[in-house]
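Undergrad: This is upload_29.txt, which holds compact mmCIF, C-alpha atoms and all ligand atoms:
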# COMPACT_ATOMS: atom_id res chain seq x y z
CA MET E 27 -12.63 -3.43 -41.51
CA SER E 28 -13.33 -5.86 -38.66
CA ALA E 29 -14.64 -4.45 -35.35
CA ALA E 30 -12.18 -4.12 -32.43
CA PRO E 31 -12.38 -7.11 -30.06
CA ASP E 32 -14.51 -6.64 -26.93
CA TRP E 33 -11.68 -6.98 -24.39
CA LYS E 34 -14.09 -6.68 -21.47
CA ALA E 35 -16.17 -9.64 -22.66
CA LEU E 36 -13.03 -11.62 -23.41
CA GLU E 37 -11.60 -11.02 -19.93
CA ASP E 38 -14.93 -11.91 -18.32
CA ALA E 39 -14.98 -15.14 -20.30
CA TYR E 40 -11.47 -16.26 -19.39
CA VAL E 41 -10.56 -14.71 -15.99
CA LEU E 42 -12.07 -15.86 -12.69
CA PRO E 43 -14.59 -13.25 -11.52
CA THR E 44 -12.80 -12.30 -8.29
CA TYR E 45 -12.95 -8.51 -8.59
CA GLU E 46 -15.60 -5.87 -9.02
CA LYS E 47 -14.03 -3.70 -11.75
CA PHE E 48 -14.29 -0.22 -13.18
CA PRO E 49 -16.40 -0.61 -16.36
CA PHE E 50 -13.76 0.25 -18.97
CA VAL E 51 -10.69 -1.15 -20.69
CA LEU E 52 -7.52 0.80 -19.93
CA THR E 53 -4.89 1.16 -22.57
CA ARG E 54 -2.47 3.86 -21.43
CA GLY E 55 -1.35 5.91 -18.46
CA GLU E 56 0.84 8.93 -17.89
CA GLY E 57 1.31 10.81 -14.62
CA CYS E 58 -2.01 11.11 -12.77
CA TRP E 59 -3.99 10.25 -15.92
CA VAL E 60 -5.17 7.05 -17.64
CA TRP E 61 -6.95 6.52 -20.96
CA ASP E 62 -9.49 3.89 -21.99
CA ASP E 63 -9.81 2.18 -25.37
CA ALA E 64 -12.41 4.72 -26.48
CA GLY E 65 -9.88 7.52 -25.90
CA ASN E 66 -11.52 8.84 -22.70
CA LYS E 67 -9.16 10.37 -20.17
CA TYR E 68 -9.58 9.77 -16.41
CA LEU E 69 -7.99 11.48 -13.42
CA ASP E 70 -6.61 8.59 -11.36
CA LEU E 71 -6.82 9.43 -7.67
CA TYR E 72 -6.70 5.73 -6.83
CA GLY E 73 -3.18 5.38 -8.25
CA GLY E 74 -3.67 1.85 -9.58
CA HIS E 75 -4.36 0.88 -5.94
CA ALA E 76 -1.51 2.86 -4.31
CA VAL E 77 1.01 1.45 -6.78
CA ALA E 78 1.64 4.42 -9.09
CA ALA E 79 3.45 6.60 -6.52
CA LEU E 80 5.45 8.29 -9.29
CA GLY E 81 2.42 8.42 -11.59
CA HIS E 82 1.74 5.97 -14.41
CA SER E 83 4.60 4.65 -16.52
CA PRO E 84 7.19 7.01 -14.98
CA ARG E 85 10.08 7.72 -17.33
CA GLU E 86 12.89 6.85 -14.88
CA VAL E 87 11.42 3.40 -14.16
CA VAL E 88 10.56 2.64 -17.80
CA ASP E 89 14.14 3.57 -18.80
CA ALA E 90 15.64 1.47 -15.99
CA ILE E 91 13.67 -1.69 -16.82
CA THR E 92 14.24 -1.25 -20.56
CA ARG E 93 18.00 -1.06 -19.96
CA GLN E 94 17.94 -3.98 -17.50
CA SER E 95 15.84 -6.24 -19.71
CA ARG E 96 18.33 -5.81 -22.56
CA GLU E 97 21.27 -6.66 -20.26
CA LEU E 98 19.84 -9.54 -18.22
CA LEU E 99 16.15 -10.26 -17.78
CA PHE E 100 16.54 -12.77 -15.00
CA TYR E 101 18.78 -14.76 -12.75
CA SER E 102 17.85 -16.10 -9.34
CA ASN E 103 19.33 -15.58 -5.86
CA LEU E 104 22.00 -18.18 -6.60
CA VAL E 105 24.13 -15.43 -8.11
CA TYR E 106 25.17 -11.95 -7.02
CA LEU E 107 23.58 -9.16 -9.06
CA ARG E 108 24.47 -5.51 -9.31
CA ALA E 109 20.74 -4.67 -9.67
CA ARG E 110 19.89 -6.49 -6.41
CA ALA E 111 22.76 -4.90 -4.48
CA GLU E 112 21.71 -1.45 -5.66
CA ALA E 113 18.02 -1.98 -4.85
CA ALA E 114 18.75 -3.24 -1.33
CA ARG E 115 21.11 -0.34 -0.65
CA ALA E 116 18.55 2.14 -2.01
CA LEU E 117 15.79 0.82 0.28
CA VAL E 118 18.02 0.62 3.38
CA GLU E 119 19.36 4.15 2.78
CA PHE E 120 15.84 5.46 2.14
CA CYS E 121 14.65 4.06 5.46
CA GLY E 122 17.76 5.32 7.16
CA GLU E 123 18.79 2.67 9.69
CA LYS E 124 22.36 1.58 9.09
CA GLY E 125 22.93 -2.17 9.18
CA SER E 126 19.33 -3.04 8.26
CA GLN E 127 18.97 -5.73 5.60
CA VAL E 128 16.37 -6.65 3.02
CA PHE E 129 14.64 -9.84 1.86
CA PHE E 130 13.07 -9.43 -1.58
CA CYS E 131 9.90 -11.22 -2.68
CA ASN E 132 7.07 -10.53 -5.13
CA SER E 133 4.03 -9.08 -3.37
CA GLY E 134 2.65 -7.61 -0.18
CA ALA E 135 1.20 -10.90 1.03
CA GLU E 136 4.54 -12.61 0.53
CA ALA E 137 6.35 -9.84 2.36
CA ASN E 138 4.07 -10.32 5.39
CA GLU E 139 4.33 -14.10 5.12
CA ASN E 140 8.13 -13.87 5.24
CA ALA E 141 8.18 -11.26 8.00
CA LEU E 142 6.03 -13.58 10.15
CA ARG E 143 8.35 -16.46 9.32
CA ILE E 144 11.39 -14.39 10.38
CA ALA E 145 9.71 -13.35 13.64
CA ARG E 146 8.79 -16.93 14.51
CA SER E 147 12.21 -18.34 13.78
CA VAL E 148 14.13 -15.52 15.51
CA THR E 149 12.04 -15.71 18.70
CA GLY E 150 11.48 -19.48 18.64
CA ARG E 151 7.82 -18.78 19.47
CA ALA E 152 4.67 -19.50 17.49
CA LYS E 153 1.96 -17.09 18.61
CA VAL E 154 1.13 -14.16 16.33
CA VAL E 155 -0.83 -11.19 17.65
CA ALA E 156 -2.50 -9.00 15.03
CA ALA E 157 -4.86 -6.04 15.12
CA GLU E 158 -8.54 -6.37 14.29
CA GLY E 159 -9.34 -4.53 11.06
CA GLY E 160 -5.90 -5.04 9.49
CA PHE E 161 -5.52 -6.43 5.95
CA HIS E 162 -2.32 -8.32 5.19
CA GLY E 163 -2.87 -10.26 1.95
CA ARG E 164 -4.29 -13.52 0.62
CA THR E 165 -1.61 -16.16 1.29
CA ALA E 166 -2.05 -18.53 4.24
CA ALA E 167 -0.43 -16.70 7.17
CA ALA E 168 -1.21 -13.25 5.76
CA ILE E 169 -4.93 -13.97 5.41
CA ALA E 170 -5.03 -15.67 8.80
CA ALA E 171 -3.47 -12.56 10.36
CA THR E 172 -5.96 -10.34 8.54
CA GLY E 173 -8.22 -9.03 11.24
CA TYR E 174 -11.70 -9.32 9.76
CA LYS E 175 -14.08 -10.70 7.14
CA TYR E 176 -11.48 -11.85 4.57
CA ARG E 177 -10.29 -14.72 6.77
CA LYS E 178 -13.80 -16.11 7.27
CA GLY E 179 -14.57 -19.40 5.53
CA LEU E 180 -10.98 -20.59 5.79
CA PRO E 181 -11.15 -23.20 8.57
CA GLY E 182 -7.85 -24.58 9.76
CA LEU E 183 -5.91 -21.39 9.17
CA GLY E 184 -4.56 -19.28 11.97
CA ALA E 185 -4.44 -21.64 14.95
CA ASP E 186 -1.60 -19.60 16.46
CA ILE E 187 -3.09 -16.19 15.69
CA VAL E 188 -4.82 -13.93 18.21
CA HIS E 189 -6.60 -10.72 17.22
CA VAL E 190 -6.90 -7.73 19.52
CA PRO E 191 -8.73 -4.41 19.09
CA PHE E 192 -6.73 -1.81 17.13
CA GLY E 193 -5.58 0.96 19.45
CA ASN E 194 -5.98 -0.94 22.72
CA LEU E 195 -2.65 -1.33 24.57
CA ASP E 196 -4.11 -3.29 27.50
CA ALA E 197 -5.43 -5.97 25.15
CA ALA E 198 -2.08 -5.99 23.32
CA GLU E 199 -0.18 -6.47 26.59
CA LYS E 200 -2.28 -9.48 27.61
CA ALA E 201 -2.05 -11.08 24.18
CA LEU E 202 1.70 -10.53 23.85
CA ASP E 203 2.47 -12.88 26.73
CA GLY E 204 4.61 -15.61 25.12
CA ALA E 205 4.02 -14.26 21.61
CA ALA E 206 6.49 -14.13 18.73
CA VAL E 207 5.19 -11.00 17.12
CA PHE E 208 2.68 -8.17 16.86
CA LEU E 209 1.68 -7.37 13.25
CA LEU E 210 -0.34 -4.34 12.21
CA GLU E 211 -0.97 -1.73 9.55
CA PRO E 212 -0.23 1.68 11.11
CA ILE E 213 -3.04 3.01 8.89
CA GLN E 214 -5.67 0.35 8.12
CA SER E 215 -6.18 1.26 4.49
CA VAL E 216 -8.54 -1.38 3.03
CA GLN E 217 -10.71 -1.15 6.13
CA GLY E 218 -11.21 2.60 5.65
CA ALA E 219 -8.00 4.50 6.54
CA THR E 220 -8.38 4.03 10.30
CA THR E 221 -5.24 5.57 11.74
CA ALA E 222 -3.14 4.59 14.76
CA THR E 223 -1.87 7.20 17.17
CA ALA E 224 1.86 7.65 17.75
CA GLU E 225 1.25 6.76 21.43
CA TYR E 226 -0.27 3.41 20.47
CA LEU E 227 2.58 2.50 18.13
CA LYS E 228 5.24 3.61 20.61
CA GLY E 229 3.36 1.68 23.32
CA LEU E 230 3.49 -1.45 21.15
CA GLU E 231 7.22 -0.90 20.64
CA ALA E 232 7.71 -0.77 24.42
CA LEU E 233 5.51 -3.84 25.03
CA CYS E 234 7.40 -5.84 22.41
CA ALA E 235 10.71 -4.81 24.01
CA LYS E 236 9.39 -5.97 27.39
CA THR E 237 8.03 -9.33 26.21
CA GLY E 238 10.70 -10.19 23.62
CA ALA E 239 8.19 -10.22 20.76
CA LEU E 240 9.01 -8.56 17.44
CA LEU E 241 6.98 -5.69 16.01
CA ILE E 242 6.03 -5.71 12.31
CA PHE E 243 4.63 -2.68 10.52
CA ASP E 244 2.80 -3.70 7.35
CA GLU E 245 3.87 -0.74 5.21
CA VAL E 246 2.63 -2.24 1.94
CA GLN E 247 0.51 0.89 1.47
CA THR E 248 2.08 3.36 3.92
CA GLY E 249 5.71 2.93 2.83
CA LEU E 250 7.72 4.98 0.36
CA GLY E 251 6.52 8.51 1.04
CA ARG E 252 2.76 8.02 0.89
CA VAL E 253 1.98 9.11 4.45
CA GLY E 254 3.77 12.46 4.28
CA ALA E 255 6.98 10.96 5.65
CA ARG E 256 9.40 8.35 4.30
CA SER E 257 7.30 5.60 5.91
CA ALA E 258 4.87 5.13 8.79
CA ARG E 259 7.85 4.37 11.00
CA HIS E 260 9.07 7.91 10.33
CA ALA E 261 5.61 9.51 10.44
CA PHE E 262 4.81 8.09 13.89
CA GLY E 263 8.33 7.94 15.36
CA ALA E 264 8.04 4.28 16.41
CA ARG E 265 10.65 1.66 15.49
CA PRO E 266 9.37 -1.73 14.32
CA HIS E 267 11.77 -4.66 13.95
CA LEU E 268 10.40 -5.49 10.51
CA GLN E 269 8.72 -3.36 7.84
CA THR E 270 7.03 -4.89 4.82
CA PHE E 271 6.79 -3.11 1.46
CA ALA E 272 5.13 -3.78 -1.91
CA LYS E 273 2.59 -1.75 -3.99
CA ALA E 274 4.62 1.37 -4.94
CA LEU E 275 8.00 -0.30 -4.35
CA ALA E 276 8.71 -0.97 -8.03
CA SER E 277 6.06 1.30 -9.62
CA GLY E 278 4.02 -1.69 -10.80
CA VAL E 279 6.67 -4.30 -11.57
CA PRO E 280 5.70 -7.03 -9.07
CA ALA E 281 7.94 -6.74 -6.02
CA GLY E 282 7.81 -6.99 -2.26
CA ALA E 283 10.40 -6.54 0.47
CA VAL E 284 10.94 -7.17 4.16
CA LEU E 285 13.30 -4.76 5.88
CA ALA E 286 14.84 -6.07 9.11
CA VAL E 287 16.70 -4.01 11.72
CA PRO E 288 20.26 -5.21 12.43
CA GLU E 289 19.55 -7.16 15.64
CA VAL E 290 16.96 -9.22 13.73
CA SER E 291 18.67 -9.51 10.34
CA GLN E 292 21.79 -10.94 12.02
CA LYS E 293 19.73 -13.88 13.28
CA VAL E 294 18.26 -14.96 9.94
CA LYS E 295 19.96 -18.19 8.86
CA PRO E 296 20.86 -19.26 5.30
CA GLY E 297 18.18 -21.46 3.76
CA GLU E 298 15.34 -20.16 5.96
CA LEU E 299 13.75 -17.97 3.32
CA GLY E 300 13.70 -18.13 -0.44
CA SER E 301 11.99 -17.01 -3.62
CA THR E 302 12.83 -17.73 -7.25
CA PHE E 303 11.70 -14.39 -8.60
CA GLY E 304 12.20 -12.22 -5.49
CA GLY E 305 15.22 -9.96 -5.98
CA GLY E 306 15.33 -10.59 -9.74
CA PRO E 307 17.11 -8.00 -11.87
CA LEU E 308 14.04 -6.50 -13.56
CA ALA E 309 12.16 -5.88 -10.30
CA CYS E 310 15.33 -4.60 -8.63
CA ALA E 311 16.04 -2.12 -11.42
CA ALA E 312 12.49 -0.83 -10.97
CA ILE E 313 12.90 -0.67 -7.17
CA THR E 314 16.11 1.36 -7.36
CA ALA E 315 14.63 3.80 -9.88
CA THR E 316 11.45 4.20 -7.83
CA VAL E 317 13.08 4.60 -4.43
CA ARG E 318 15.67 7.05 -5.78
CA ALA E 319 12.96 9.13 -7.47
CA VAL E 320 10.87 9.35 -4.27
CA GLU E 321 14.05 10.28 -2.39
CA ASP E 322 15.43 12.81 -4.91
CA ARG E 323 12.08 14.55 -5.29
CA LYS E 324 11.23 14.25 -1.58
CA LEU E 325 7.75 13.23 -2.66
CA TRP E 326 6.58 12.74 0.94
CA GLU E 327 6.71 16.54 1.24
CA ASN E 328 4.23 16.90 -1.62
CA ALA E 329 2.05 14.19 -0.02
CA ALA E 330 1.98 16.21 3.22
CA ALA E 331 1.26 19.46 1.34
CA MET E 332 -1.63 17.89 -0.63
CA GLU E 333 -3.07 16.39 2.57
CA ALA E 334 -3.03 19.87 4.13
CA LEU E 335 -4.76 21.31 1.05
CA ILE E 336 -7.46 18.62 1.14
CA ARG E 337 -8.04 19.07 4.87
CA LYS E 338 -8.31 22.83 4.41
CA THR E 339 -10.54 22.93 1.34
CA PHE E 340 -12.81 19.86 1.57
CA ASP E 341 -15.09 21.68 3.99
CA PHE E 342 -18.36 19.97 2.99
CA PRO E 343 -20.95 19.16 5.64
CA GLN E 344 -21.37 15.79 3.89
CA ILE E 345 -17.77 14.88 4.86
CA LYS E 346 -17.85 14.00 8.55
CA GLU E 347 -14.19 13.23 8.96
CA ILE E 348 -10.99 12.85 6.97
CA ARG E 349 -8.99 9.84 8.13
CA GLY E 350 -5.44 8.88 7.27
CA LYS E 351 -2.22 10.72 6.57
CA GLY E 352 -0.45 12.20 3.56
CA LEU E 353 -1.99 10.73 0.42
CA LEU E 354 -3.59 7.71 2.07
CA LEU E 355 -6.86 9.38 2.99
CA GLY E 356 -10.40 8.27 3.75
CA LEU E 357 -13.12 10.86 3.22
CA VAL E 358 -15.83 9.64 5.59
CA LEU E 359 -19.25 10.68 4.28
CA ASP E 360 -22.44 10.92 6.32
CA ARG E 361 -23.91 8.22 4.05
CA PRO E 362 -22.67 5.28 1.88
CA SER E 363 -20.04 6.52 -0.57
CA LYS E 364 -21.01 4.29 -3.53
CA PRO E 365 -23.37 6.77 -5.25
CA ALA E 366 -20.81 9.60 -4.94
CA ARG E 367 -18.08 7.33 -6.33
CA ALA E 368 -20.33 6.43 -9.27
CA GLU E 369 -20.92 10.15 -9.92
CA LEU E 370 -17.17 10.80 -9.79
CA LEU E 371 -16.67 8.04 -12.33
CA LYS E 372 -19.21 9.72 -14.65
CA ARG E 373 -17.01 12.82 -14.37
CA ARG E 374 -14.00 10.59 -15.18
CA ILE E 375 -12.39 10.73 -11.75
CA LEU E 376 -11.24 7.43 -10.23
CA VAL E 377 -11.29 6.99 -6.45
CA GLY E 378 -11.50 3.94 -4.19
CA GLY E 379 -14.05 2.54 -1.80
CA ALA E 380 -13.20 0.73 1.44
CA ASP E 381 -14.76 -1.86 3.70
CA ASP E 382 -16.26 1.00 5.68
CA PRO E 383 -19.10 1.71 3.22
CA ASN E 384 -19.11 5.46 3.93
CA VAL E 385 -15.51 5.98 2.89
CA ILE E 386 -14.07 7.39 -0.34
CA ARG E 387 -10.43 6.32 -0.38
CA LEU E 388 -7.78 8.46 -2.03
CA LEU E 389 -4.46 6.85 -2.99
CA PRO E 390 -3.27 9.11 -5.82
CA PRO E 391 0.22 9.36 -7.28
CA LEU E 392 2.45 11.30 -4.88
CA THR E 393 3.07 13.71 -7.76
CA VAL E 394 -0.54 14.95 -7.70
CA GLY E 395 -0.86 18.75 -7.54
CA PRO E 396 -3.31 21.48 -6.53
CA ASP E 397 -5.04 21.36 -9.95
CA GLU E 398 -5.99 17.71 -9.59
CA VAL E 399 -7.02 18.16 -5.95
CA GLY E 400 -9.10 21.16 -7.08
CA ALA E 401 -10.76 19.04 -9.79
CA LEU E 402 -11.85 16.52 -7.17
CA ARG E 403 -13.11 19.27 -4.89
CA SER E 404 -15.18 20.86 -7.70
CA ALA E 405 -16.64 17.50 -8.70
CA LEU E 406 -17.64 16.74 -5.10
CA ALA E 407 -19.16 20.23 -4.74
CA ASP E 408 -21.25 19.52 -7.86
CA ILE E 409 -22.31 16.08 -6.70
CA PHE E 410 -23.28 17.22 -3.20
CA ALA E 411 -25.17 20.27 -4.59
CA ALA E 412 -27.12 18.04 -7.02
CA GLU E 413 -27.99 15.64 -4.19
CA THR E 414 -29.21 18.50 -2.00
CA ALA E 415 -31.31 19.92 -4.86
CA ALA E 416 -32.82 16.49 -5.58
CA ALA E 417 -33.72 16.02 -1.91
CA ARG E 418 -35.76 19.29 -1.80
C1 LIG E 501 -1.75 -3.25 3.87
C2 LIG E 501 -1.69 -4.36 2.87
N1 LIG E 501 -0.92 -5.43 3.14
C3 LIG E 501 -0.81 -6.44 2.26
C4 LIG E 501 -1.49 -6.43 1.07
C5 LIG E 501 -1.34 -7.57 0.10
O1 LIG E 501 -0.54 -7.17 -0.96
P1 LIG E 501 -0.53 -8.02 -2.33
O2 LIG E 501 -1.86 -7.86 -2.95
O3 LIG E 501 0.59 -7.40 -3.13
O4 LIG E 501 -0.24 -9.42 -1.94
C6 LIG E 501 -2.30 -5.34 0.74
C7 LIG E 501 -3.06 -5.31 -0.53
O5 LIG E 501 -3.96 -4.53 -0.74
C8 LIG E 501 -2.41 -4.28 1.67
O6 LIG E 501 -3.19 -3.21 1.42
Please lay out the structure from this file as structure tokens.

TA:
Amino acid sequence: MSAAPDWKALEDAYVLPTYEKFPFVLTRGEGCWVWDDAGNKYLDLYGGHAVAALGHSPREVVDAITRQSRELLFYSNLVYLRARAEAARALVEFCGEKGSQVFFCNSGAEANENALRIARSVTGRAKVVAAEGGFHGRTAAAIAATGYKYRKGLPGLGADIVHVPFGNLDAAEKALDGAAVFLLEPIQSVQGATTATAEYLKGLEALCAKTGALLIFDEVQTGLGRVGARSARHAFGARPHLQTFAKALASGVPAGAVLAVPEVSQKVKPGELGSTFGGGPLACAAITATVRAVEDRKLWENAAAMEALIRKTFDFPQIKEIRGKGLLLGLVLDRPSKPARAELLKRRILVGGADDPNVIRLLPPLTVGPDEVGALRSALADIFAAETAAAR
């Protein structure tokens, strides 16, 4: 019998080395669990990077895309599609503002790119104001609006973009003079789960109303129930003109969306935006199934309950602070988190890091329960106790 191929070596040989990866080959996932090619089972509290909101390979989404792919795998925006109509209605109803409309695309970066494009064309202005520390994706405008290291080394990008400190309304007010738009992540996930206050977001809403700029919430991570509410807009009680979604939107089928409130959507003109694959039937079937499942199961309530459990029980002196909301959380350690994350991996628990080196980032499926939270707590208790013993 010939030996199984070394998929890791093969991928390293043929794929550009742009990511630091977990050191295993995944073959299967179900709920909060994934399996590698040696049959090892891991508890996934990273959720495939905030994508697996319903858990891995959720039945309702798998059934929906199987059905759709048999009926019609693809047609572009040149035709009307039942799947697209249903997905747009599902997202608008989920977010709850009547008369809002959706533009579908394929990723978070594209959603931000298109939201910026809408804001510039609707206001007739060029200047973009964005918050320092925000991450918005890797395409031209999205990376230029990204408020830190990722945009470095890209000269020529972002001539019309001004960055201001996150949380500072005075700086926002000055920068918004003559601007088209303010773009921010209500919770800066990649950076380390730094969280806005409701006052700040409502203050930005008021400043945008005063200056005629549009407000965009990048909800690529915070949308769809993750933050213990339907979206950050609901969690903080501030109304942006545009919300961008991706990640969990279609449970892993590539999809992004921009949701525009009525007074903005009415001003978008035919031909201004476009995407071949955006709004295709397969992605839309996955979007409808995902959004309906989050809605029917009110998964934001479980996210809020699990956040409360974590805040109550993760009472380790090594955790200085817990940032974030719902199931977008940053456990801020009193030291770099890399060794603890490596120890968690040895115990077959997957978590994320962040650009703040002290942060362990949790982005688990919204279906996660007290048993899985308890498993993480026990593992951390073990790891911290071993560290303390070693230090004596
Ligand atoms: C808040 C936020 N916005 C945008 C993006 C970009 O999304 P994508 O990788 O789908 O382009 C990300 C990706 O991590 C993100 O976290």

Undergrad: For atom C5 of ligand LIG 501 (chain E) and atom CA of Arg323 of chain E, determine how far apart the two atoms are, in Å to one decimal place.

TA: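 Atom-to-atom, atom C5 of ligand LIG 501 (chain E) and atom CA of Arg323 of chain E are spaced 26.4 Å apart.
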
Undergrad: Which residue gives the smallest distance to ligand LIG 501 (chain E) among E:Leu117, E:Ala197, E:Val377, E:Ala283, with only C-alpha atoms and all ligand atoms counted?

TA: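 Nearest candidate to ligand LIG 501 (chain E) out of E:Leu117, E:Ala197, E:Val377, E:Ala283: E:Ala283.
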
Undergrad: Using all atoms listed in the file, what residues lie at most 6 Å away from (6.8, 7.9, -5.8) (file coordinates), given as a CSV table (one decimal) with C-alpha atoms, in the frame of the given file?

TA:
chain,number,residue,atom,x,y,z
E,79,ALA,CA,3.4,6.6,-6.5
E,80,LEU,CA,5.4,8.3,-9.3
E,320,VAL,CA,10.9,9.4,-4.3
E,392,LEU,CA,2.4,11.3,-4.9

Undergrad: Give as number ranges by chain the residues surrounding ligand LIG 501 (chain E) up to a distance of 6 Å, considering all atoms listed in the file.

TA: E: 133-135, 161-163, 211, 216, 244, 246-247, 272

Undergrad: For the selection just defined, write its residues with C-alpha atoms to a file, as an mmCIF file, in the coordinates of the input.

TA:
data_model
loop_
_atom_site.group_PDB
_atom_site.id
_atom_site.type_symbol
_atom_site.label_atom_id
_atom_site.label_comp_id
_atom_site.auth_asym_id
_atom_site.auth_seq_id
_atom_site.Cartn_x
_atom_site.Cartn_y
_atom_site.Cartn_z
ATOM 1 C CA SER E 133 4.030 -9.080 -3.370
ATOM 2 C CA GLY E 134 2.650 -7.610 -0.180
ATOM 3 C CA ALA E 135 1.200 -10.900 1.030
ATOM 4 C CA PHE E 161 -5.520 -6.430 5.950
ATOM 5 C CA HIS E 162 -2.320 -8.320 5.190
ATOM 6 C CA GLY E 163 -2.870 -10.260 1.950
ATOM 7 C CA GLU E 211 -0.970 -1.730 9.550
ATOM 8 C CA VAL E 216 -8.540 -1.380 3.030
ATOM 9 C CA ASP E 244 2.800 -3.700 7.350
ATOM 10 C CA VAL E 246 2.630 -2.240 1.940
ATOM 11 C CA GLN E 247 0.510 0.890 1.470
ATOM 12 C CA ALA E 272 5.130 -3.780 -1.910
#

Undergrad: May I ask which of the residues E:Leu354, E:Ala315, E:Ala30, E:Ile375 is the closest one to Met332 of chain E, counting all atoms listed in the file?

TA: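 Once distances to Met332 of chain E are computed over all atoms listed in the file, the minimum belongs to E:Leu354.
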
Undergrad: Which one is closest to Leu406 of chain E: E:Ala137, E:Leu371, E:Ala366, E:Ala329? Count all atoms listed in the file.

TA: E:Ala366

Undergrad: Just the number, please: distance in Å from atom CA of Pro307 of chain E to atom CA of Ala286 of chain E, one decimal.

TA: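 Distance between the two atoms: 21.2 Å.
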
Undergrad: Excluding same-chain residues fewer than 5 positions from segment 54-65 of chain E, what lies within 12 Å of it counting only C-alpha atoms, as an mmCIF file with C-alpha atoms, in the frame of the given file?

TA:
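out_27.cif was written with the following content:
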data_model
loop_
_atom_site.group_PDB
_atom_site.id
_atom_site.type_symbol
_atom_site.label_atom_id
_atom_site.label_comp_id
_atom_site.auth_asym_id
_atom_site.auth_seq_id
_atom_site.Cartn_x
_atom_site.Cartn_y
_atom_site.Cartn_z
ATOM 1 C CA ALA E 30 -12.180 -4.120 -32.430
ATOM 2 C CA PRO E 31 -12.380 -7.110 -30.060
ATOM 3 C CA ASP E 32 -14.510 -6.640 -26.930
ATOM 4 C CA TRP E 33 -11.680 -6.980 -24.390
ATOM 5 C CA LYS E 34 -14.090 -6.680 -21.470
ATOM 6 C CA PHE E 48 -14.290 -0.220 -13.180
ATOM 7 C CA PRO E 49 -16.400 -0.610 -16.360
ATOM 8 C CA ASP E 70 -6.610 8.590 -11.360
ATOM 9 C CA LEU E 71 -6.820 9.430 -7.670
ATOM 10 C CA TYR E 72 -6.700 5.730 -6.830
ATOM 11 C CA GLY E 73 -3.180 5.380 -8.250
ATOM 12 C CA GLY E 74 -3.670 1.850 -9.580
ATOM 13 C CA ALA E 76 -1.510 2.860 -4.310
ATOM 14 C CA VAL E 77 1.010 1.450 -6.780
ATOM 15 C CA ALA E 78 1.640 4.420 -9.090
ATOM 16 C CA ALA E 79 3.450 6.600 -6.520
ATOM 17 C CA LEU E 80 5.450 8.290 -9.290
ATOM 18 C CA GLY E 81 2.420 8.420 -11.590
ATOM 19 C CA HIS E 82 1.740 5.970 -14.410
ATOM 20 C CA SER E 83 4.600 4.650 -16.520
ATOM 21 C CA PRO E 84 7.190 7.010 -14.980
ATOM 22 C CA ARG E 85 10.080 7.720 -17.330
ATOM 23 C CA VAL E 88 10.560 2.640 -17.800
ATOM 24 C CA SER E 277 6.060 1.300 -9.620
ATOM 25 C CA ARG E 374 -14.000 10.590 -15.180
ATOM 26 C CA ILE E 375 -12.390 10.730 -11.750
ATOM 27 C CA LEU E 376 -11.240 7.430 -10.230
ATOM 28 C CA VAL E 377 -11.290 6.990 -6.450
ATOM 29 C CA LEU E 389 -4.460 6.850 -2.990
ATOM 30 C CA PRO E 390 -3.270 9.110 -5.820
ATOM 31 C CA PRO E 391 0.220 9.360 -7.280
ATOM 32 C CA LEU E 392 2.450 11.300 -4.880
ATOM 33 C CA THR E 393 3.070 13.710 -7.760
ATOM 34 C CA VAL E 394 -0.540 14.950 -7.700
ATOM 35 C CA GLY E 395 -0.860 18.750 -7.540
ATOM 36 C CA ASP E 397 -5.040 21.360 -9.950
ATOM 37 C CA GLU E 398 -5.990 17.710 -9.590
ATOM 38 C CA VAL E 399 -7.020 18.160 -5.950
#

Undergrad: Using all atoms listed in the file, find the one residue out of E:Leu202, E:Ala412, E:Leu285, E:Leu227 that sits nearest to Thr270 of chain E.

TA: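 Checking each of E:Leu202, E:Ala412, E:Leu285, E:Leu227 against Thr270 of chain E, counting all atoms listed in the file, the winner is E:Leu285.
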
Undergrad: What lies within 10 Å of Ala219 of chain E using only C-alpha atoms, ignoring chain neighbours under 4 positions off, as a list of chain:residue names?

TA: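 Counting only the stated atoms, we get E:Glu211, E:Pro212, E:Ile213, E:Gln214, E:Ser215, E:Ile348, E:Arg349, E:Gly350, E:Lys351, E:Leu354, E:Leu355, E:Gly356, E:Leu357, E:Val358, E:Ala380, E:Asp381, E:Asp382, E:Val385, E:Ile386, E:Arg387, E:Leu388.
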
Undergrad: Next, write the just-selected residues to a file, as a tab-separated table (two decimals), keeping the file's coordinate frame, keeping C-alpha atoms as the atom set.

TA:
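In the end it all went to out-v1.tsv:
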chain	number	residue	atom	x	y	z
E	211	GLU	CA	-0.97	-1.73	9.55
E	212	PRO	CA	-0.23	1.68	11.11
E	213	ILE	CA	-3.04	3.01	8.89
E	214	GLN	CA	-5.67	0.35	8.12
E	215	SER	CA	-6.18	1.26	4.49
E	348	ILE	CA	-10.99	12.85	6.97
E	349	ARG	CA	-8.99	9.84	8.13
E	350	GLY	CA	-5.44	8.88	7.27
E	351	LYS	CA	-2.22	10.72	6.57
E	354	LEU	CA	-3.59	7.71	2.07
E	355	LEU	CA	-6.86	9.38	2.99
E	356	GLY	CA	-10.40	8.27	3.75
E	357	LEU	CA	-13.12	10.86	3.22
E	358	VAL	CA	-15.83	9.64	5.59
E	380	ALA	CA	-13.20	0.73	1.44
E	381	ASP	CA	-14.76	-1.86	3.70
E	382	ASP	CA	-16.26	1.00	5.68
E	385	VAL	CA	-15.51	5.98	2.89
E	386	ILE	CA	-14.07	7.39	-0.34
E	387	ARG	CA	-10.43	6.32	-0.38
E	388	LEU	CA	-7.78	8.46	-2.03
